[in-house]
Amino acid sequence: MISKIRGFFGYFYSVPWCVPAWGWPEFASTVKAFATGALAKGPSADLFAAAVRDYLGMKFALPVNRGRTAIEIALRAMGIGPGDDVLLPSFLCHSVLDAVLNTGARPRFADIGEDFNVTAASINASLSPETKCVIVTHLFGAPAAVDEIEALLASKGVALMDDAAQALGARRRDRPVGSFGACGIVSCGPGKPLAGAAGGLLVTNDERLYERACTIPLEYEPWSAVANRALQFWIWRRFRRYTLPFAVLLERLKGAPKDPVHVNAPLSNLDGAIALDQFERLQHHAAHRRRNAEALLRHLSMLPAKPVTNFSPSAIPVKLVYLLPNGGLSVREAIEILSEHGIEAEGGYSPLHASYADDARFPNTTAAWRRMLCVPLETPTSQSIPIPFQPNQRPASIAPTASSVTAYS
């Protein structure tokens with residue numbers, strides 16, 4: 001019983017995972033939408049789209065409910081479907097792959113470089129005669145060499161989709177990411193520069209692409225779905241520091257909650273209002289994460305790992321990323337130790353190529369997945385007491401593991 005009680009209180013993290021920087025503006029937008037009943041339909045979606053469109057220097061912006069919706073619509077507007085290849089990074093969240101698969105196109109994958117983004121070389125090595133579009137992302141807020149990729153693809157007649165979901169506000173060669181190629185993608189979510197329960201944009205300078213995208217039918221989500229999502233996000237995400245133990249308890253009593261079925265839809269008024277609130281404080285939140293990163297780097301100064309987050313002025317960091325050396329702590333062990341000290345950390349993305357190709361073709365992706373440790377930056381932490389990592393320290397609850405993957409450096 002005592003151990004169960006200790007386990008329960010162990011979920012009260014002082015630095016919980018990806019708590020959105022929602023404050024009074026987001027609260028006011030939520031209350032206004034509920035009070036007026038303007039949850040699904042209203043002016044906020046278009047206001048958000050116009051603000052980001054102008055910031056990126058683009059001509060057109062289509063607001064939708066998710067980034068994956070924007071990606072699928074963009075591919076369909078390009079005429080991409082069965083028989084076509086779409087190239088994307090293997091080291092990426094699965095929702096991008098889902099959007100590609102929904103069009104009927106074949107996914108192909110490219111390895112990452114030292115900054116965890118695809119490169120012109122890795123793209124060139126993975127292109128096929130059937131490749132019609134390449135999706136370039138900017139992981140953890142670090143801008144990819146998207147200008148070099150844009151030039152490569154232009155010479156080959158292949159479309160570029162610039163996915164700025166994790167890096168809105170970052171720049172490459174003094175151009176904002178999201179503004180390269182045939183179109184750009186912006187989306188909201190936990191751990192992104194725009195932290196929202198939902199929201200996405202397709203931005204482009206191509207009038208024909210935009211007009212075709214607008215003809216793709218979308219139906220608004222029910223107001224009850226929008227309301228439930230917002231309330232759930234407030235309770236279980238915004239106040240995760242206090243509610244996570246109860247979420248774990250409910251899951252053990254009732255089983256894991258089912259993920260809602262994704263539907264392509266326009267951006268709701270409430271989600272658009274919150275996205276606009278987030279956008280208006282984009283740089284403020286970025287500066288806040290940088291300050292938290294400085295404190296965490298001191299706090300974790302004894303962690304036997306290499307910090308690899310891009311803190312250059314052109315980046316917009318969203319995670320504190322470490323690479324663990326071979327022969328030392330495994331990712332699971334490091335996560336457990338941080339958990340014991342009140343920090344909720346996670347590993348990197350599982351490689352998307354796993355069901356399609358051999359690991360040997362993606363050495364950097366495979367190495368990063370097995371050795372990456374991510375720490376959230378949204379919540380301040382104590383600067384006074386560093387976590388006392390020892391060279392051979394392992395949590396008692398986890399048996400030692402070994403890795404044969406070549407160290408990623």
# chains A, B, ... in the order shown; residues from 1 in each chain; ligands from 1
>>> residues_around(residues="A:Leu209", least_positions_apart="4", cutoff="12 Å", atoms="only C-alpha atoms", output="list of chain:residue names")
A:Lys59, A:Phe60, A:Ala61, A:Leu62, A:Ile73, A:Ala74, A:Leu75, A:Arg76, A:Ala77, A:Met78, A:Gly79, A:Ile80, A:Ala159, A:Ala182, A:Cys183, A:Gly184, A:Leu202, A:Val203, A:Thr204, A:Asn205, A:Ala213, A:Cys214, A:Thr215, A:Ile216
>>> residues_around(residues="A:Ser29", least_positions_apart="6", cutoff="9 Å", atoms="only C-alpha atoms", output="number ranges by chain")
A: 270, 273-274, 277
>>> select_by_dssp(residues="stretch 134-379 of chain A", states="alpha helix (DSSP H)", output="PyMOL selection string")
chain A and resi 146-156+207-214+223-232+240-254+269-280+282-299+331-340+363-371
>>> select_by_dssp(residues="stretch 151-348 of chain A", states="strand (DSSP E or B)", output="CSV table (one decimal) with N, CA and C atoms, in the first residue's frame")
chain,number,residue,atom,x,y,z
A,159,ALA,N,7.8,19.0,-56.1
A,159,ALA,CA,7.2,20.0,-55.2
A,159,ALA,C,7.8,19.8,-53.8
A,160,LEU,N,8.0,21.0,-53.1
A,160,LEU,CA,8.4,21.0,-51.8
A,160,LEU,C,7.3,21.5,-50.8
A,161,MET,N,7.1,20.8,-49.8
A,161,MET,CA,6.1,21.2,-48.7
A,161,MET,C,7.0,21.5,-47.5
A,162,ASP,N,6.9,22.7,-47.0
A,162,ASP,CA,7.7,23.2,-45.9
A,162,ASP,C,6.9,23.2,-44.6
A,163,ASP,N,7.1,22.2,-43.8
A,163,ASP,CA,6.3,21.9,-42.6
A,163,ASP,C,6.9,22.6,-41.4
A,168,LEU,N,7.7,27.3,-36.1
A,168,LEU,CA,7.2,28.6,-36.5
A,168,LEU,C,7.9,29.7,-35.7
A,170,ALA,N,11.2,30.3,-36.5
A,170,ALA,CA,12.6,30.1,-36.9
A,170,ALA,C,12.8,30.6,-38.3
A,171,ARG,N,14.1,30.9,-38.7
A,171,ARG,CA,14.4,31.4,-40.0
A,171,ARG,C,15.6,30.7,-40.6
A,172,ARG,N,15.6,30.7,-41.9
A,172,ARG,CA,16.7,30.1,-42.7
A,172,ARG,C,17.0,31.1,-43.8
A,175,ARG,N,14.8,34.0,-44.1
A,175,ARG,CA,13.4,33.7,-44.5
A,175,ARG,C,12.8,32.9,-43.5
A,176,PRO,N,11.5,33.2,-43.1
A,176,PRO,CA,10.8,32.3,-42.1
A,176,PRO,C,10.5,30.9,-42.6
A,181,GLY,N,9.1,26.7,-50.8
A,181,GLY,CA,8.5,25.7,-51.7
A,181,GLY,C,7.1,26.0,-52.2
A,183,CYS,N,4.3,25.2,-50.9
A,183,CYS,CA,3.3,25.5,-49.8
A,183,CYS,C,4.0,25.3,-48.4
A,184,GLY,N,3.4,25.8,-47.4
A,184,GLY,CA,3.9,25.6,-46.0
A,184,GLY,C,2.8,25.1,-45.2
A,185,ILE,N,3.2,24.5,-44.0
A,185,ILE,CA,2.2,23.9,-43.1
A,185,ILE,C,2.6,24.5,-41.7
A,186,VAL,N,1.5,25.0,-41.0
A,186,VAL,CA,1.6,25.4,-39.6
A,186,VAL,C,0.6,24.6,-38.8
A,187,SER,N,1.0,24.2,-37.6
A,187,SER,CA,0.0,23.5,-36.8
A,187,SER,C,0.2,23.8,-35.3
A,200,GLY,N,-4.5,24.1,-37.6
A,200,GLY,CA,-3.5,24.0,-38.6
A,200,GLY,C,-3.8,25.0,-39.8
A,201,LEU,N,-2.8,25.2,-40.6
A,201,LEU,CA,-2.9,26.1,-41.7
A,201,LEU,C,-2.1,25.6,-42.9
A,202,LEU,N,-2.7,25.7,-44.1
A,202,LEU,CA,-2.0,25.6,-45.3
A,202,LEU,C,-1.7,26.9,-45.9
A,203,VAL,N,-0.5,27.3,-46.1
A,203,VAL,CA,-0.1,28.6,-46.6
A,203,VAL,C,0.6,28.5,-47.9
A,204,THR,N,0.4,29.4,-48.9
A,204,THR,CA,1.0,29.2,-50.2
A,204,THR,C,0.9,30.6,-50.9
A,266,PRO,N,-12.7,22.2,-41.0
A,266,PRO,CA,-12.2,23.6,-40.9
A,266,PRO,C,-11.7,23.8,-39.4
A,306,LYS,N,25.2,14.4,-24.3
A,306,LYS,CA,25.6,15.6,-25.1
A,306,LYS,C,24.3,16.4,-25.4
A,307,PRO,N,24.3,17.6,-24.9
A,307,PRO,CA,23.1,18.5,-25.3
A,307,PRO,C,23.3,18.9,-26.8
A,319,LYS,N,12.3,21.9,-27.3
A,319,LYS,CA,12.7,20.8,-26.4
A,319,LYS,C,14.2,21.0,-26.1
A,320,LEU,N,14.6,20.5,-24.9
A,320,LEU,CA,16.0,20.3,-24.6
A,320,LEU,C,16.3,18.9,-25.0
A,321,VAL,N,17.2,18.7,-26.0
A,321,VAL,CA,17.5,17.4,-26.5
A,321,VAL,C,18.9,17.0,-26.2
A,322,TYR,N,19.0,15.8,-25.7
A,322,TYR,CA,20.3,15.2,-25.4
A,322,TYR,C,20.5,13.9,-26.2
A,323,LEU,N,21.8,13.5,-26.4
A,323,LEU,CA,22.1,12.2,-27.0
A,323,LEU,C,22.9,11.5,-25.9
A,343,ILE,N,11.2,15.3,-13.1
A,343,ILE,CA,11.3,15.8,-14.4
A,343,ILE,C,10.7,14.7,-15.3
A,346,GLU,N,11.0,12.2,-22.2
A,346,GLU,CA,10.6,11.2,-23.2
A,346,GLU,C,11.8,11.0,-24.1
A,347,GLY,N,11.7,9.9,-24.9
A,347,GLY,CA,12.6,9.6,-25.9
A,347,GLY,C,12.3,10.2,-27.2
>>> closest_residue(among="A:Pro304, A:Pro351, A:Gly196, A:Pro363", to="A:Leu88", atoms="only C-alpha atoms")
A:Pro351
>>> atom_distance(atom1="atom CA of A:Ala164", atom2="atom CA of A:Cys93")
13.2 Å
>>> closest_residue(among="A:Leu377, A:Ala167, A:Ala50, A:Val64", to="A:Asn269", atoms="only C-alpha atoms")
A:Val64
>>> residues_around(residues="A:Asp358", least_positions_apart="6", cutoff="12 Å", atoms="only C-alpha atoms", output="number ranges by chain")
A: 90, 109, 111, 351-352, 365-366
>>> write_last_selection(atoms="all heavy atoms", output="PDB file, in the first residue's frame")
ATOM      1  N   SER A  90      12.256  10.022 -42.013  1.00  0.00           N
ATOM      2  CA  SER A  90      11.873   8.850 -41.229  1.00  0.00           C
ATOM      3  C   SER A  90      11.734   9.202 -39.762  1.00  0.00           C
ATOM      4  O   SER A  90      10.967   8.570 -39.044  1.00  0.00           O
ATOM      5  CB  SER A  90      12.905   7.735 -41.390  1.00  0.00           C
ATOM      6  OG  SER A  90      12.570   6.619 -40.588  1.00  0.00           O
ATOM      7  N   PHE A 109      11.171   7.412 -47.570  1.00  0.00           N
ATOM      8  CA  PHE A 109      11.786   8.042 -46.406  1.00  0.00           C
ATOM      9  C   PHE A 109      13.227   8.444 -46.672  1.00  0.00           C
ATOM     10  O   PHE A 109      13.938   7.815 -47.454  1.00  0.00           O
ATOM     11  CB  PHE A 109      11.709   7.107 -45.200  1.00  0.00           C
ATOM     12  CG  PHE A 109      10.317   6.667 -44.882  1.00  0.00           C
ATOM     13  CD1 PHE A 109       9.839   5.445 -45.321  1.00  0.00           C
ATOM     14  CD2 PHE A 109       9.471   7.495 -44.176  1.00  0.00           C
ATOM     15  CE1 PHE A 109       8.547   5.041 -45.051  1.00  0.00           C
ATOM     16  CE2 PHE A 109       8.166   7.108 -43.900  1.00  0.00           C
ATOM     17  CZ  PHE A 109       7.704   5.880 -44.339  1.00  0.00           C
ATOM     18  N   ASP A 111      16.911   9.739 -44.621  1.00  0.00           N
ATOM     19  CA  ASP A 111      17.632   9.769 -43.353  1.00  0.00           C
ATOM     20  C   ASP A 111      17.856  11.223 -42.925  1.00  0.00           C
ATOM     21  O   ASP A 111      17.730  12.160 -43.724  1.00  0.00           O
ATOM     22  CB  ASP A 111      18.970   9.042 -43.499  1.00  0.00           C
ATOM     23  CG  ASP A 111      19.551   8.586 -42.161  1.00  0.00           C
ATOM     24  OD1 ASP A 111      18.830   8.663 -41.137  1.00  0.00           O
ATOM     25  OD2 ASP A 111      20.715   8.141 -42.141  1.00  0.00           O
ATOM     26  N   PRO A 351      11.315   5.335 -35.612  1.00  0.00           N
ATOM     27  CA  PRO A 351      11.522   5.527 -37.050  1.00  0.00           C
ATOM     28  C   PRO A 351      10.313   5.095 -37.876  1.00  0.00           C
ATOM     29  O   PRO A 351       9.789   3.991 -37.711  1.00  0.00           O
ATOM     30  CB  PRO A 351      12.736   4.647 -37.349  1.00  0.00           C
ATOM     31  CG  PRO A 351      13.451   4.528 -36.049  1.00  0.00           C
ATOM     32  CD  PRO A 351      12.376   4.521 -35.003  1.00  0.00           C
ATOM     33  N   LEU A 352       9.888   5.946 -38.779  1.00  0.00           N
ATOM     34  CA  LEU A 352       8.748   5.630 -39.629  1.00  0.00           C
ATOM     35  C   LEU A 352       9.090   4.577 -40.675  1.00  0.00           C
ATOM     36  O   LEU A 352       8.204   3.893 -41.191  1.00  0.00           O
ATOM     37  CB  LEU A 352       8.250   6.896 -40.331  1.00  0.00           C
ATOM     38  CG  LEU A 352       7.695   8.012 -39.436  1.00  0.00           C
ATOM     39  CD1 LEU A 352       7.249   9.192 -40.286  1.00  0.00           C
ATOM     40  CD2 LEU A 352       6.554   7.512 -38.570  1.00  0.00           C
ATOM     41  N   THR A 365      19.011   8.060 -38.321  1.00  0.00           N
ATOM     42  CA  THR A 365      17.685   7.956 -37.716  1.00  0.00           C
ATOM     43  C   THR A 365      17.668   6.877 -36.648  1.00  0.00           C
ATOM     44  O   THR A 365      17.159   7.082 -35.530  1.00  0.00           O
ATOM     45  CB  THR A 365      16.630   7.647 -38.787  1.00  0.00           C
ATOM     46  OG1 THR A 365      16.554   8.734 -39.706  1.00  0.00           O
ATOM     47  CG2 THR A 365      15.261   7.426 -38.164  1.00  0.00           C
ATOM     48  N   THR A 366      18.212   5.715 -36.954  1.00  0.00           N
ATOM     49  CA  THR A 366      18.212   4.599 -36.014  1.00  0.00           C
ATOM     50  C   THR A 366      19.013   4.933 -34.763  1.00  0.00           C
ATOM     51  O   THR A 366      18.587   4.652 -33.635  1.00  0.00           O
ATOM     52  CB  THR A 366      18.788   3.343 -36.694  1.00  0.00           C
ATOM     53  OG1 THR A 366      18.020   3.044 -37.857  1.00  0.00           O
ATOM     54  CG2 THR A 366      18.742   2.150 -35.758  1.00  0.00           C
TER      55      THR A 366
END
>>> residues_around(residues="A:Glu378", least_positions_apart="3", cutoff="10 Å", atoms="only C-alpha atoms", output="PDB file with all heavy atoms, in the first residue's frame")
ATOM      1  N   VAL A  15       8.463  19.327 -13.266  1.00  0.00           N
ATOM      2  CA  VAL A  15       8.613  19.717 -14.667  1.00  0.00           C
ATOM      3  C   VAL A  15       7.873  18.689 -15.504  1.00  0.00           C
ATOM      4  O   VAL A  15       8.451  17.715 -15.982  1.00  0.00           O
ATOM      5  CB  VAL A  15      10.101  19.795 -15.084  1.00  0.00           C
ATOM      6  CG1 VAL A  15      10.223  20.255 -16.542  1.00  0.00           C
ATOM      7  CG2 VAL A  15      10.869  20.747 -14.176  1.00  0.00           C
ATOM      8  N   PRO A  16       6.560  18.856 -15.692  1.00  0.00           N
ATOM      9  CA  PRO A  16       5.770  17.892 -16.461  1.00  0.00           C
ATOM     10  C   PRO A  16       5.977  18.065 -17.964  1.00  0.00           C
ATOM     11  O   PRO A  16       6.510  19.075 -18.423  1.00  0.00           O
ATOM     12  CB  PRO A  16       4.327  18.215 -16.062  1.00  0.00           C
ATOM     13  CG  PRO A  16       4.372  19.656 -15.680  1.00  0.00           C
ATOM     14  CD  PRO A  16       5.733  19.926 -15.119  1.00  0.00           C
ATOM     15  N   TRP A  17       5.527  17.070 -18.714  1.00  0.00           N
ATOM     16  CA  TRP A  17       5.771  17.020 -20.154  1.00  0.00           C
ATOM     17  C   TRP A  17       4.865  17.976 -20.919  1.00  0.00           C
ATOM     18  O   TRP A  17       3.639  17.859 -20.888  1.00  0.00           O
ATOM     19  CB  TRP A  17       5.579  15.590 -20.658  1.00  0.00           C
ATOM     20  CG  TRP A  17       5.826  15.422 -22.115  1.00  0.00           C
ATOM     21  CD1 TRP A  17       4.901  15.240 -23.105  1.00  0.00           C
ATOM     22  CD2 TRP A  17       7.101  15.430 -22.769  1.00  0.00           C
ATOM     23  NE1 TRP A  17       5.526  15.139 -24.322  1.00  0.00           N
ATOM     24  CE2 TRP A  17       6.876  15.246 -24.157  1.00  0.00           C
ATOM     25  CE3 TRP A  17       8.417  15.572 -22.318  1.00  0.00           C
ATOM     26  CZ2 TRP A  17       7.901  15.206 -25.081  1.00  0.00           C
ATOM     27  CZ3 TRP A  17       9.445  15.530 -23.247  1.00  0.00           C
ATOM     28  CH2 TRP A  17       9.187  15.346 -24.603  1.00  0.00           C
ATOM     29  N   CYS A  18       5.471  18.929 -21.593  1.00  0.00           N
ATOM     30  CA  CYS A  18       4.806  19.791 -22.582  1.00  0.00           C
ATOM     31  C   CYS A  18       3.506  20.414 -22.073  1.00  0.00           C
ATOM     32  O   CYS A  18       2.433  20.231 -22.665  1.00  0.00           O
ATOM     33  CB  CYS A  18       4.540  19.004 -23.858  1.00  0.00           C
ATOM     34  SG  CYS A  18       6.049  18.542 -24.727  1.00  0.00           S
ATOM     35  N   VAL A  19       3.611  21.164 -20.986  1.00  0.00           N
ATOM     36  CA  VAL A  19       2.460  21.914 -20.481  1.00  0.00           C
ATOM     37  C   VAL A  19       2.347  23.213 -21.277  1.00  0.00           C
ATOM     38  O   VAL A  19       3.292  24.007 -21.314  1.00  0.00           O
ATOM     39  CB  VAL A  19       2.619  22.220 -18.986  1.00  0.00           C
ATOM     40  CG1 VAL A  19       1.533  23.183 -18.511  1.00  0.00           C
ATOM     41  CG2 VAL A  19       2.578  20.938 -18.173  1.00  0.00           C
ATOM     42  N   PRO A  20       1.237  23.461 -21.948  1.00  0.00           N
ATOM     43  CA  PRO A  20       1.133  24.651 -22.806  1.00  0.00           C
ATOM     44  C   PRO A  20       1.135  25.934 -21.999  1.00  0.00           C
ATOM     45  O   PRO A  20       0.624  25.984 -20.874  1.00  0.00           O
ATOM     46  CB  PRO A  20      -0.208  24.448 -23.512  1.00  0.00           C
ATOM     47  CG  PRO A  20      -1.012  23.615 -22.568  1.00  0.00           C
ATOM     48  CD  PRO A  20      -0.022  22.690 -21.923  1.00  0.00           C
ATOM     49  N   ALA A  21       1.703  26.965 -22.589  1.00  0.00           N
ATOM     50  CA  ALA A  21       1.748  28.276 -21.934  1.00  0.00           C
ATOM     51  C   ALA A  21       0.419  28.991 -22.152  1.00  0.00           C
ATOM     52  O   ALA A  21       0.340  30.013 -22.824  1.00  0.00           O
ATOM     53  CB  ALA A  21       2.908  29.090 -22.490  1.00  0.00           C
ATOM     54  N   PRO A 190       0.700  20.361 -28.287  1.00  0.00           N
ATOM     55  CA  PRO A 190       1.620  20.368 -27.146  1.00  0.00           C
ATOM     56  C   PRO A 190       3.063  20.268 -27.624  1.00  0.00           C
ATOM     57  O   PRO A 190       3.383  19.488 -28.517  1.00  0.00           O
ATOM     58  CB  PRO A 190       1.212  19.120 -26.357  1.00  0.00           C
ATOM     59  CG  PRO A 190      -0.162  18.791 -26.813  1.00  0.00           C
ATOM     60  CD  PRO A 190      -0.241  19.233 -28.240  1.00  0.00           C
ATOM     61  N   GLY A 191       3.942  21.063 -27.041  1.00  0.00           N
ATOM     62  CA  GLY A 191       5.343  21.009 -27.397  1.00  0.00           C
ATOM     63  C   GLY A 191       5.697  21.709 -28.687  1.00  0.00           C
ATOM     64  O   GLY A 191       6.821  21.593 -29.174  1.00  0.00           O
ATOM     65  N   HIS A 285       6.941  33.559 -25.633  1.00  0.00           N
ATOM     66  CA  HIS A 285       7.037  32.177 -25.168  1.00  0.00           C
ATOM     67  C   HIS A 285       8.372  31.560 -25.545  1.00  0.00           C
ATOM     68  O   HIS A 285       8.935  30.767 -24.782  1.00  0.00           O
ATOM     69  CB  HIS A 285       5.892  31.351 -25.758  1.00  0.00           C
ATOM     70  CG  HIS A 285       4.551  31.711 -25.215  1.00  0.00           C
ATOM     71  ND1 HIS A 285       3.385  31.512 -25.914  1.00  0.00           N
ATOM     72  CD2 HIS A 285       4.182  32.275 -24.037  1.00  0.00           C
ATOM     73  CE1 HIS A 285       2.362  31.925 -25.193  1.00  0.00           C
ATOM     74  NE2 HIS A 285       2.821  32.402 -24.051  1.00  0.00           N
ATOM     75  N   ALA A 286       8.911  31.927 -26.714  1.00  0.00           N
ATOM     76  CA  ALA A 286      10.216  31.410 -27.125  1.00  0.00           C
ATOM     77  C   ALA A 286      11.312  31.874 -26.171  1.00  0.00           C
ATOM     78  O   ALA A 286      12.193  31.091 -25.788  1.00  0.00           O
ATOM     79  CB  ALA A 286      10.527  31.858 -28.552  1.00  0.00           C
ATOM     80  N   HIS A 288      10.895  32.675 -23.065  1.00  0.00           N
ATOM     81  CA  HIS A 288      10.647  31.966 -21.807  1.00  0.00           C
ATOM     82  C   HIS A 288      11.261  30.568 -21.849  1.00  0.00           C
ATOM     83  O   HIS A 288      11.903  30.128 -20.885  1.00  0.00           O
ATOM     84  CB  HIS A 288       9.134  31.877 -21.567  1.00  0.00           C
ATOM     85  CG  HIS A 288       8.742  31.140 -20.337  1.00  0.00           C
ATOM     86  ND1 HIS A 288       8.935  31.641 -19.065  1.00  0.00           N
ATOM     87  CD2 HIS A 288       8.170  29.909 -20.165  1.00  0.00           C
ATOM     88  CE1 HIS A 288       8.492  30.769 -18.172  1.00  0.00           C
ATOM     89  NE2 HIS A 288       8.028  29.717 -18.818  1.00  0.00           N
ATOM     90  N   ARG A 289      11.112  29.861 -22.970  1.00  0.00           N
ATOM     91  CA  ARG A 289      11.704  28.523 -23.092  1.00  0.00           C
ATOM     92  C   ARG A 289      13.223  28.584 -23.066  1.00  0.00           C
ATOM     93  O   ARG A 289      13.883  27.701 -22.497  1.00  0.00           O
ATOM     94  CB  ARG A 289      11.212  27.837 -24.370  1.00  0.00           C
ATOM     95  CG  ARG A 289       9.739  27.447 -24.338  1.00  0.00           C
ATOM     96  CD  ARG A 289       9.388  26.502 -25.474  1.00  0.00           C
ATOM     97  NE  ARG A 289       9.660  27.069 -26.787  1.00  0.00           N
ATOM     98  CZ  ARG A 289       8.798  27.806 -27.466  1.00  0.00           C
ATOM     99  NH1 ARG A 289       7.606  28.085 -26.965  1.00  0.00           N
ATOM    100  NH2 ARG A 289       9.127  28.275 -28.673  1.00  0.00           N
ATOM    101  N   ARG A 290      13.804  29.607 -23.674  1.00  0.00           N
ATOM    102  CA  ARG A 290      15.264  29.752 -23.638  1.00  0.00           C
ATOM    103  C   ARG A 290      15.762  29.955 -22.210  1.00  0.00           C
ATOM    104  O   ARG A 290      16.790  29.380 -21.820  1.00  0.00           O
ATOM    105  CB  ARG A 290      15.704  30.920 -24.534  1.00  0.00           C
ATOM    106  CG  ARG A 290      15.615  30.629 -26.027  1.00  0.00           C
ATOM    107  CD  ARG A 290      16.054  31.833 -26.842  1.00  0.00           C
ATOM    108  NE  ARG A 290      15.923  31.614 -28.262  1.00  0.00           N
ATOM    109  CZ  ARG A 290      16.877  31.110 -29.040  1.00  0.00           C
ATOM    110  NH1 ARG A 290      18.050  30.777 -28.505  1.00  0.00           N
ATOM    111  NH2 ARG A 290      16.677  30.944 -30.349  1.00  0.00           N
ATOM    112  N   ARG A 291      15.066  30.755 -21.432  1.00  0.00           N
ATOM    113  CA  ARG A 291      15.464  30.956 -20.033  1.00  0.00           C
ATOM    114  C   ARG A 291      15.346  29.649 -19.254  1.00  0.00           C
ATOM    115  O   ARG A 291      16.218  29.317 -18.439  1.00  0.00           O
ATOM    116  CB  ARG A 291      14.604  32.048 -19.392  1.00  0.00           C
ATOM    117  CG  ARG A 291      14.890  33.450 -19.901  1.00  0.00           C
ATOM    118  CD  ARG A 291      14.231  34.496 -19.027  1.00  0.00           C
ATOM    119  NE  ARG A 291      12.771  34.396 -19.060  1.00  0.00           N
ATOM    120  CZ  ARG A 291      11.992  35.019 -19.925  1.00  0.00           C
ATOM    121  NH1 ARG A 291      12.530  35.799 -20.866  1.00  0.00           N
ATOM    122  NH2 ARG A 291      10.681  34.890 -19.876  1.00  0.00           N
ATOM    123  N   ASN A 292      14.269  28.922 -19.491  1.00  0.00           N
ATOM    124  CA  ASN A 292      14.107  27.638 -18.806  1.00  0.00           C
ATOM    125  C   ASN A 292      15.203  26.658 -19.223  1.00  0.00           C
ATOM    126  O   ASN A 292      15.678  25.854 -18.414  1.00  0.00           O
ATOM    127  CB  ASN A 292      12.729  27.041 -19.124  1.00  0.00           C
ATOM    128  CG  ASN A 292      11.603  27.815 -18.478  1.00  0.00           C
ATOM    129  OD1 ASN A 292      11.821  28.624 -17.585  1.00  0.00           O
ATOM    130  ND2 ASN A 292      10.389  27.582 -18.944  1.00  0.00           N
ATOM    131  N   ALA A 293      15.604  26.711 -20.496  1.00  0.00           N
ATOM    132  CA  ALA A 293      16.665  25.825 -20.977  1.00  0.00           C
ATOM    133  C   ALA A 293      17.979  26.112 -20.265  1.00  0.00           C
ATOM    134  O   ALA A 293      18.717  25.179 -19.896  1.00  0.00           O
ATOM    135  CB  ALA A 293      16.834  25.976 -22.484  1.00  0.00           C
ATOM    136  N   VAL A 318      12.099  24.150 -28.881  1.00  0.00           N
ATOM    137  CA  VAL A 318      10.884  23.697 -28.216  1.00  0.00           C
ATOM    138  C   VAL A 318      11.146  22.536 -27.249  1.00  0.00           C
ATOM    139  O   VAL A 318      10.283  22.204 -26.443  1.00  0.00           O
ATOM    140  CB  VAL A 318       9.795  23.283 -29.231  1.00  0.00           C
ATOM    141  CG1 VAL A 318       9.305  24.492 -30.018  1.00  0.00           C
ATOM    142  CG2 VAL A 318      10.295  22.204 -30.172  1.00  0.00           C
ATOM    143  N   LYS A 319      12.330  21.913 -27.331  1.00  0.00           N
ATOM    144  CA  LYS A 319      12.716  20.841 -26.420  1.00  0.00           C
ATOM    145  C   LYS A 319      14.191  20.994 -26.084  1.00  0.00           C
ATOM    146  O   LYS A 319      14.975  21.544 -26.862  1.00  0.00           O
ATOM    147  CB  LYS A 319      12.527  19.452 -27.054  1.00  0.00           C
ATOM    148  CG  LYS A 319      11.119  19.115 -27.511  1.00  0.00           C
ATOM    149  CD  LYS A 319      10.243  18.680 -26.375  1.00  0.00           C
ATOM    150  CE  LYS A 319       8.958  18.067 -26.885  1.00  0.00           C
ATOM    151  NZ  LYS A 319       8.251  18.890 -27.883  1.00  0.00           N
ATOM    152  N   VAL A 375      13.681  16.706 -22.995  1.00  0.00           N
ATOM    153  CA  VAL A 375      13.212  17.308 -21.744  1.00  0.00           C
ATOM    154  C   VAL A 375      12.369  18.529 -22.102  1.00  0.00           C
ATOM    155  O   VAL A 375      12.781  19.345 -22.940  1.00  0.00           O
ATOM    156  CB  VAL A 375      14.407  17.719 -20.856  1.00  0.00           C
ATOM    157  CG1 VAL A 375      13.919  18.390 -19.571  1.00  0.00           C
ATOM    158  CG2 VAL A 375      15.271  16.502 -20.533  1.00  0.00           C
ATOM    159  N   THR A 381      12.357  25.412 -13.649  1.00  0.00           N
ATOM    160  CA  THR A 381      12.824  24.438 -12.668  1.00  0.00           C
ATOM    161  C   THR A 381      13.836  25.079 -11.745  1.00  0.00           C
ATOM    162  O   THR A 381      14.393  26.140 -12.051  1.00  0.00           O
ATOM    163  CB  THR A 381      13.453  23.218 -13.359  1.00  0.00           C
ATOM    164  OG1 THR A 381      13.775  22.230 -12.377  1.00  0.00           O
ATOM    165  CG2 THR A 381      14.723  23.597 -14.098  1.00  0.00           C
TER     166      THR A 381
END
>>> closest_residue(among="A:Pro63, A:Ala354, A:Thr137, A:His299", to="A:Ala49", atoms="only C-alpha atoms")
A:Pro63
